[in-house]
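Input: a single structure, listed below in structure tokens.
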Amino acid sequence: MTGRVFDIKRYSIHDGPGIRTTVFLKGCSLHCLWCHNPESISPDPELMHRPSRCSRCYACIEACPPGAISKGPGGTIVIDRASCDLCGQCAEACLYDAMQVVGRAMSVDEVVGEVERDRIFFEQSGGGVTFSGGDPLAQPAFLEALLDACRGRNLRTAIDTAGASSNGALERAAAKTDLVLFDLKHMDDGKHIEMTGISNRPILENLEKLAAGPAEVWVRIPVVAGVNDDDESAARMIAFLSPLGTVRRVGLLPYHAGGLEKAARIGRGEDFRKFESPSGERLAAVEAAFRRAGFEVHRGG
Amino acid sequence: MNDRVKKLRKQTLEARPSISAERALLLTEAYKRPEVQKASYPMQHALAFKHVMERKTVCVNDGELIVGERGPAPKATPTYPEVCIHSLQDLHYLNDRKKTAFAVDETTRKVYEEKIIPFWTGRSQRERIFEEMTPEWKDAYEAGVFTEFMEQRAPGHTVLDGKIYSKGLLDLKKDIEASLAALDFMGDPEAYDKQEELKAMAVAVEGVVAFGRRHAEKARELAKGEKDAARRAELGRIAEVCDRVPAAAPRDFWEALQYYWFVHLGVITEYNTWDSFNPGRLDQHLWPFYEKGLADGTLTKESARELLQAFWVKFNNQPAPPKVGVTAEESGTYTDFALINVGGLKEDGTDGVNELSFLLLDVIEEMRILQPSSMVQISAKGPDEFLLRALRIVKTGFGQPSIFNTDAIVQELVRQGKSVADARNGGASGCVESGAFGKEAYILTGYFNLPKIFELTLNDGVDPRTGKRIGLETGDPASFGTFDELFEAFRKQVRHFVDIKVRGSNVIERLYATYLPAPFLSVLVDDCIAKGKDYHAGGARYNTNYIQGVGVGTMTDILSAIRYNVYDHGHFTMAELLAALRADFAGHEKLRQRVLNRTPKFGNDDDYADSLMKRTFEAYFEAVDGRPTPRGGTYRINLLPTTVHVYFGKMTGATPDGRLAGEAVSEGVSPVQGADRKGPTAVIKSLGKMDHIRTGGTLLNQKFTPQLLADEAGMRGLKDLVRSYFRMMGHHIQFNVVTADLLREAKAHPEKHRDLIVRVAGYSDYFVDCSAELQDEIIRRTEHQEM
């Protein structure tokens with residue numbers, strides 16, 4: 001079985017316990033306007049161009065069979081994404097690594113082979129593999145196969161999910177993993193739809209179900225100024241999480257505008273919005289509120 | 001840090017290094033005496049040494065608890081004209097150079113001009129050495145194929161064990177006398193030589209004992225004039241301590257530290273030994289005194305801390321003796337590589353980490369001075385808490401302590417034939433060199449430039465910088481049909497230059513053994529007394545000569561670039577590559593980008609590249625390891641660069657890995673800067689494939705941005721990286737916390753810094769891939785954390 005992977009990062013130390021390798025699967029059912037991995041949202045491969053690496057040698061233009069790349073104003077590279085067929089010839093030709101097709105097909109064995117390379121670090125640190133995205137549940141069958149393969153090799157796993165999947169796929173995956181990193185964005189449904197494109201109802205239902213076990217659940221909250229860094233947002237989250245009883249650990253991930261540059265690289269700059277990072281003061285207030293409610297709070301994961 | 005220590009720390013930080021001609025003058029005076037001139041070489045040297053120790057200025061500085069300086073004042077640095085003579089021009093450079101300058105006053109200059117230079121010209125060891133070296137040696141030396149440690153500094157490079165803590169110097173003198181009495185003039189043809197050496201050792205001991213007593217006198221004299229009652233009492237105590245040590249064995253913590261310090265000054269006054277002597281396993285040696293002092297109430301944790309801090313300052317007052325010739329023109333370093341070992345194992349194999357180990361780490365963190373250097377020995381048995389404590393100091397960006405694997409050190413030493421007990425009592429010194437402390441003379445003979453030798457291979461033995469043939473004629477590389485043929489040519493060239501280097505070192509070793517014995521150092525290193533042999537002549541229980549290989553990372557990437565692109569995939573031909581190298585890649589940018597970005601590189605856990613690292617290692621190991629030295633020792637390899645990778649880079653043209661002419665080669669066993677792009681676990685996996693156990697030390701530098709170490713997860717991650725590397729039997733790792741300046745440089749030159757990972761917010765990314773705006777913010781954040 002193969003799936004679509006857009007990145008594998010070794011030495012991840014904030015995606016679960018210990019030293020981990022995070023495997024990023026492509027595709028997400030949410031479209032958060034602040035997304036810091038915009039290239040993760042579409043399930044399909046995308047062509048990414050990094051102007052900062054470009055030497056303007058124009059080898060990509062010569063290499064492109066459908067002629068989708070041209071010279072723009074000031075010598076920049078312009079990609080006609082409608083005629084690009086993602087053949088990857090430009091990336092092959094670009095020796096400066098300024099062109100890249102994001103999202104490659106990998107088999108379960110290939111992914112596991114890559115992950116196995118850091119086994120010694122996992123064993124030493126109590127770490128393992130984190131499947132992230134996008135949302136790894138965007139490729140449920142592939143994710144389950146990966147989790148089975150890891151369990152078969154005694155590799156500990158975590159899944160990092162937006163939590164919106166339906167049809168029991170999330171519960172099935174949760175049954176095969178050791179830890180769920182569950183993202184929570186907003187308690188107000190209208191705001192949630194505005195910011196992420198979908199309702200928070202299936203998400204909250206899934207979180208309630210997962211809280212019953214068997215996998216441990218850590219909640220992660222992207223904190224965005226003016227969206228959810230106010231006292232009321234925090235209070236509503238606490239009111240929801242506290243009765244679940246089993247969710248004890250909350251990670252606060254302060255928003256950062258770094259995603260916008262990445263969105264521009266895949267030609268989707270207009271689909272996202274620039275927000276502000278939460279102030280140190282607001283972040284501290286949110287953190288304090290969770291701590292008072294008895295949660296173990298970690299910044300950045 | 002209490003007020004006294006603050007004051008002492010300020011004094012040492014503010015003291016300006018200067019050159020003192022005192023030692024040179026006293027030595028010259030001694031060598032002019034008829035009784036010295038007629039004596040055997042060991043006795044000549046010992047008499048002159050004693051003459052110096054009996055007359056040189058004695059310092060008891062304001063507020064000090066541990067006393068004694070090598071020069072007439074803090075940072076007043078003596079010269080060693082019997083080893084190498086500073087010319088007037090050298091003195092001028094030392095005074096004027098911008099970095100690591102040494103003030104030279106008019107009197108010193110005059111003394112040099114009128115007395116030192118005239119007397120020693122024609123008699124110095126440096127002159128003897130250059131006279132004896134062959135034209136092949138000189139060619140290779142001038143081309144930057146290797147360096148020679150002993151042309152300006154005496155072979156030292158050893159560390160003290162625990163012997164002085166149970167024996168006074170006068171007890172050791174009794175051992176010398178016993179050895180003298182046992183000489184067999186009927187059956188042992190070397191009996192006379194041994195007699196002279198042993199007599200010299202006894203004279204050297206007398207010199208250092210007298211030096212100690214003179215400090216007692218000085219302290220008493222100062223006490224008389226001291227108005228402050230508390231200081232008067234302290235000076236009285238200092239006098240008592242100096243009455244006792246170094247003549248007799250120390251009875252308490254204070255005496256133990258003072259004794260070591262006198263011994264240290266003796267060793268570094270006797271010669272300008274390479275890599276300053278050091279006490280080695282300080283927490284182990286001092287533990288009995290610490291325990292006893294706490295038990296009988298004569299010591300508290302705080303008074304022990306104060307004494308240790310007062311001791312620390314003394315190292316910082318002794319800058320490394322400055323070089324002569326062209327090297328004096330370039331900036332050097334004040335660091336003399338005295339590396340205090342903390343932690344490790346006890347002789348019986350149990351965990352050596354104790355309360356004092358933690359106290360020493362406190363001292364290192366609080367003092368934050370250049371010298372002494374410090375390291376922690378981490379054994380599998382040592383607690384994580386100790387490693388974490390050390391890493392919290394590392395995190396402050398001070399570069400100390402460096403982290404060593406005790407279990408690897410022990411295996412390395414045992415492989416070389418040391419007993420398990422001697423190995424466990426050992427550690428690392430200098431930069432990363434393994435040694436059996438107190439029992440081994442392990443001499444670093446020079447650095448060896450592997451990429452330069454490959455450049456010579458690509459040019460059929462001709463140095464493209466000069467057009468001169470200095471290597472073997474191994475053939476035109478364009479004519480090699482396979483990668484193996486090319487590698488074989490490289491292997492032959494390596495062997496050729498190792499032959500030249502070893503021949504030179506064997507002669508230099510005899511020059512030191514004959515003309516410049518080290519009787520005082522010999523008293524301190526087993527089994528010189530028992531054998532009646534000098535440290536320079538094979539008196540130590542174990543004798544090792546190292547040749548330090550430099551540029552393993554660059555070499556690996558060179559081989560990978562050629563094998564992958566020329567032989568395996570045909571991306572370009574050898575002729576095209578050679579043309580690109582000749583042009584320093586000008587007009588060949590595509591070829592260069594291919595080797596930079598599309599070729600397997602060392603440091604990425606890529607077996608294609610890493611297997612070539614192993615091949616390079618084997619070729620070098622095979623050329624060096626196991627060769628005999630004249631003093632009955634063995635040549636070994638280690639892989640460390642200090643800062644020579646910069647000089648070697650200057651001497652080496654463009655290389656097939658995309659490195660431009662003159663750029664530094666890789667340092668230690670670290671990957672080429674910016675070539676490791678898969679994070680620290682991949683670097684460690686690549687390095688884990690190297691057989692560190694067959695070296696005498698390897699040096700791995702890892703860069704971390706402060707954000708990655710900011711929280712508990714960061715510290716635990718770092719701890720587990722170290723533990724994992726050590727499970728793979730890595731020898732050493734040190735962490736450099738990236739500064740805002742380096743990030744600015746990375747922003748301007750991203751191609752060189754593609755390895756830098758930064759933690760952005762909830763995620764990490766490569767710094768060079770962040771937007772300019774984000775880069776600026778990370779730079780600001782880093783700057784903020786530096787303050």
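Chain labels run A, B, ... following the order of the structure tokens; each chain numbers its residues from 1, and ligands are numbered from 1 in the order shown.
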*Please, which residues of chain A lie no more than 7 Å from chain B when the count uses only C-alpha atoms, and can they be set out as a ChimeraX atom specification?*
/A:10-11,13-14,18-19,95-96,118,120-121,124-125,253-254,256,258,261,300-301
Let me see the file: selected residues, N, CA and C atoms, as a compact mmCIF listing (two decimals), in the first residue's frame.
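See part.txt below for the written result:
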```txt
# COMPACT_ATOMS: atom_id res chain seq x y z
N ARG A 10 13.20 14.15 11.19
CA ARG A 10 13.81 13.40 12.29
C ARG A 10 14.13 14.38 13.42
N TYR A 11 14.39 13.84 14.57
CA TYR A 11 14.63 14.64 15.78
C TYR A 11 13.52 15.65 16.03
N ILE A 13 11.11 16.80 18.77
CA ILE A 13 11.06 16.62 20.23
C ILE A 13 9.84 17.30 20.84
N HIS A 14 8.94 17.77 20.00
CA HIS A 14 7.74 18.41 20.54
C HIS A 14 6.46 17.79 20.00
N GLY A 18 9.81 12.08 24.09
CA GLY A 18 11.10 11.61 23.60
C GLY A 18 11.46 12.14 22.22
N ILE A 19 12.47 11.51 21.65
CA ILE A 19 12.92 11.86 20.30
C ILE A 19 12.06 11.10 19.31
N LEU A 95 19.17 22.44 -10.02
CA LEU A 95 20.23 21.95 -9.13
C LEU A 95 20.34 22.78 -7.86
N TYR A 96 19.56 23.84 -7.80
CA TYR A 96 19.59 24.70 -6.61
C TYR A 96 18.48 24.33 -5.63
N ASP A 118 16.02 5.72 13.05
CA ASP A 118 16.26 6.38 14.34
C ASP A 118 15.79 5.56 15.54
N ILE A 120 17.28 3.64 17.56
CA ILE A 120 18.12 3.72 18.76
C ILE A 120 17.76 4.96 19.59
N PHE A 121 17.42 6.04 18.90
CA PHE A 121 17.06 7.26 19.63
C PHE A 121 15.69 7.10 20.31
N GLN A 124 16.18 4.91 23.37
CA GLN A 124 16.88 5.64 24.42
C GLN A 124 15.95 6.63 25.13
N SER A 125 15.11 7.29 24.34
CA SER A 125 14.37 8.44 24.87
C SER A 125 12.91 8.13 25.19
N LEU A 253 0.31 26.38 21.09
CA LEU A 253 1.20 26.67 19.97
C LEU A 253 0.91 28.07 19.47
N PRO A 254 1.74 29.03 19.84
CA PRO A 254 1.48 30.40 19.42
C PRO A 254 1.55 30.53 17.91
N HIS A 256 2.23 31.76 14.22
CA HIS A 256 3.33 32.44 13.60
C HIS A 256 3.05 32.65 12.13
N GLY A 258 4.84 32.51 9.63
CA GLY A 258 5.74 31.79 8.72
C GLY A 258 5.02 31.02 7.63
N GLU A 261 4.50 32.59 3.81
CA GLU A 261 5.56 32.47 2.81
C GLU A 261 5.48 31.11 2.11
N GLY A 300 4.33 25.22 22.90
CA GLY A 300 4.97 24.68 21.70
C GLY A 300 4.89 23.17 21.62
N GLY A 301 3.90 22.55 22.21
CA GLY A 301 3.77 21.12 21.93
C GLY A 301 3.33 20.26 23.07
```
*asked:* If DSSP is run on the backbone, what residues of region 202-336 of chain B are alpha helix (DSSP H)? A reply as an MDAnalysis selection string would be ideal.
replied: chainID B and resid 202:225 229:244 253:270 282:296 301:316 326:329
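Taking only C-alpha atoms into account, Gln258 (chain B) lies nearest to B:Leu65 out of the set B:Ile693, B:Ala540, B:Leu65, B:Ala182.
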*Compile the contact shell of Leu559 (chain B) as a list in words: residues with an atom at most 7 Å away, counting only C-alpha atoms, same-chain residues fewer than 4 positions apart removed.*
Met555, Arg563 and Leu612 of chain B
*Of the residues B:Thr652, B:Thr300, B:Thr642, B:Ser560, which is the one nearest to Arg615 (chain B), using only C-alpha atoms?*
B:Ser560
*Fewer than 5 positions away in the same chain doesn't count, so skip those; otherwise give me all residues within 8 Å of region 218-233 of chain A, counting only C-alpha atoms, as number ranges by chain.*
A: 179-187, 247-255, 275-279, 282-283, 285-286, 289, 301
*asked:* Set the distance at 7 Å and use only C-alpha atoms: which residues neighbour region 194-204 of chain A once local chain neighbours fewer than 3 positions away are removed? I'd like the list as a list in words.
replied: Leu30, His31, Cys32, Leu33, Gly163, Ala164, Asp189, Gly190, Lys191, Leu207 and Glu208 of chain A
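Residues in contact range of Lys274 (chain A), defined as at most 9 Å between only C-alpha atoms, with sequence neighbours fewer than 5 positions away removed, read Leu33, Trp34, Ala257 and Leu260 of chain A.
When CA of Asn341 (chain B) is paired with CA of Val205 (chain B), their separation reads 26.3 Å.
Atom to atom, CA of Lys501 (chain B) and CA of Phe146 (chain B) stand 7.7 Å apart.
Backbone DSSP of region 250-279 of chain A yields strand (DSSP E or B) at Val250, Gly251, Leu252, Leu253 and Pro254 of chain A.
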*Residue nearest Glu205 (chain A) among A:Arg236, A:Gln100, A:His36, A:Leu244 (counting only C-alpha atoms)*: A:Leu244
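The space between CA of Cys431 (chain B) and CA of Glu783 (chain B) spans 28.7 Å.
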For Lys32 (chain B), please output as a PDB file with C-alpha atoms, in the first residue's frame all residues within 12 Å (counting only C-alpha atoms; exclusion window: fewer than 4 positions along the same chain).
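Output saved as selection22.pdb:
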```
ATOM      1  CA  LEU B  25      67.556  35.108  31.469  1.00  0.00           C
ATOM      2  CA  LEU B  26      67.911  32.766  34.429  1.00  0.00           C
ATOM      3  CA  LEU B  27      68.243  29.802  32.106  1.00  0.00           C
ATOM      4  CA  THR B  28      70.935  31.561  30.092  1.00  0.00           C
ATOM      5  CA  VAL B  36      76.303  23.084  34.089  1.00  0.00           C
ATOM      6  CA  GLN B  37      78.310  23.036  30.898  1.00  0.00           C
ATOM      7  CA  LYS B  38      80.302  19.985  31.887  1.00  0.00           C
ATOM      8  CA  ALA B  39      77.279  18.000  33.056  1.00  0.00           C
ATOM      9  CA  GLN B  44      72.433  20.272  32.558  1.00  0.00           C
ATOM     10  CA  LEU B  47      70.537  22.208  37.191  1.00  0.00           C
ATOM     11  CA  ALA B  48      69.245  24.989  35.006  1.00  0.00           C
ATOM     12  CA  HIS B  51      68.433  27.552  39.134  1.00  0.00           C
ATOM     13  CA  LYS B 115      71.528  38.286  25.842  1.00  0.00           C
ATOM     14  CA  ILE B 116      68.965  35.718  24.785  1.00  0.00           C
ATOM     15  CA  PHE B 119      73.392  32.980  23.364  1.00  0.00           C
ATOM     16  CA  TRP B 120      70.749  30.605  22.032  1.00  0.00           C
TER      17      TRP B 120
END
```
*Using only C-alpha atoms, which residue out of A:Pro136, A:Ile77, A:Ser55, A:Cys87 lies closest to Leu25 (chain A)?*
A:Pro136
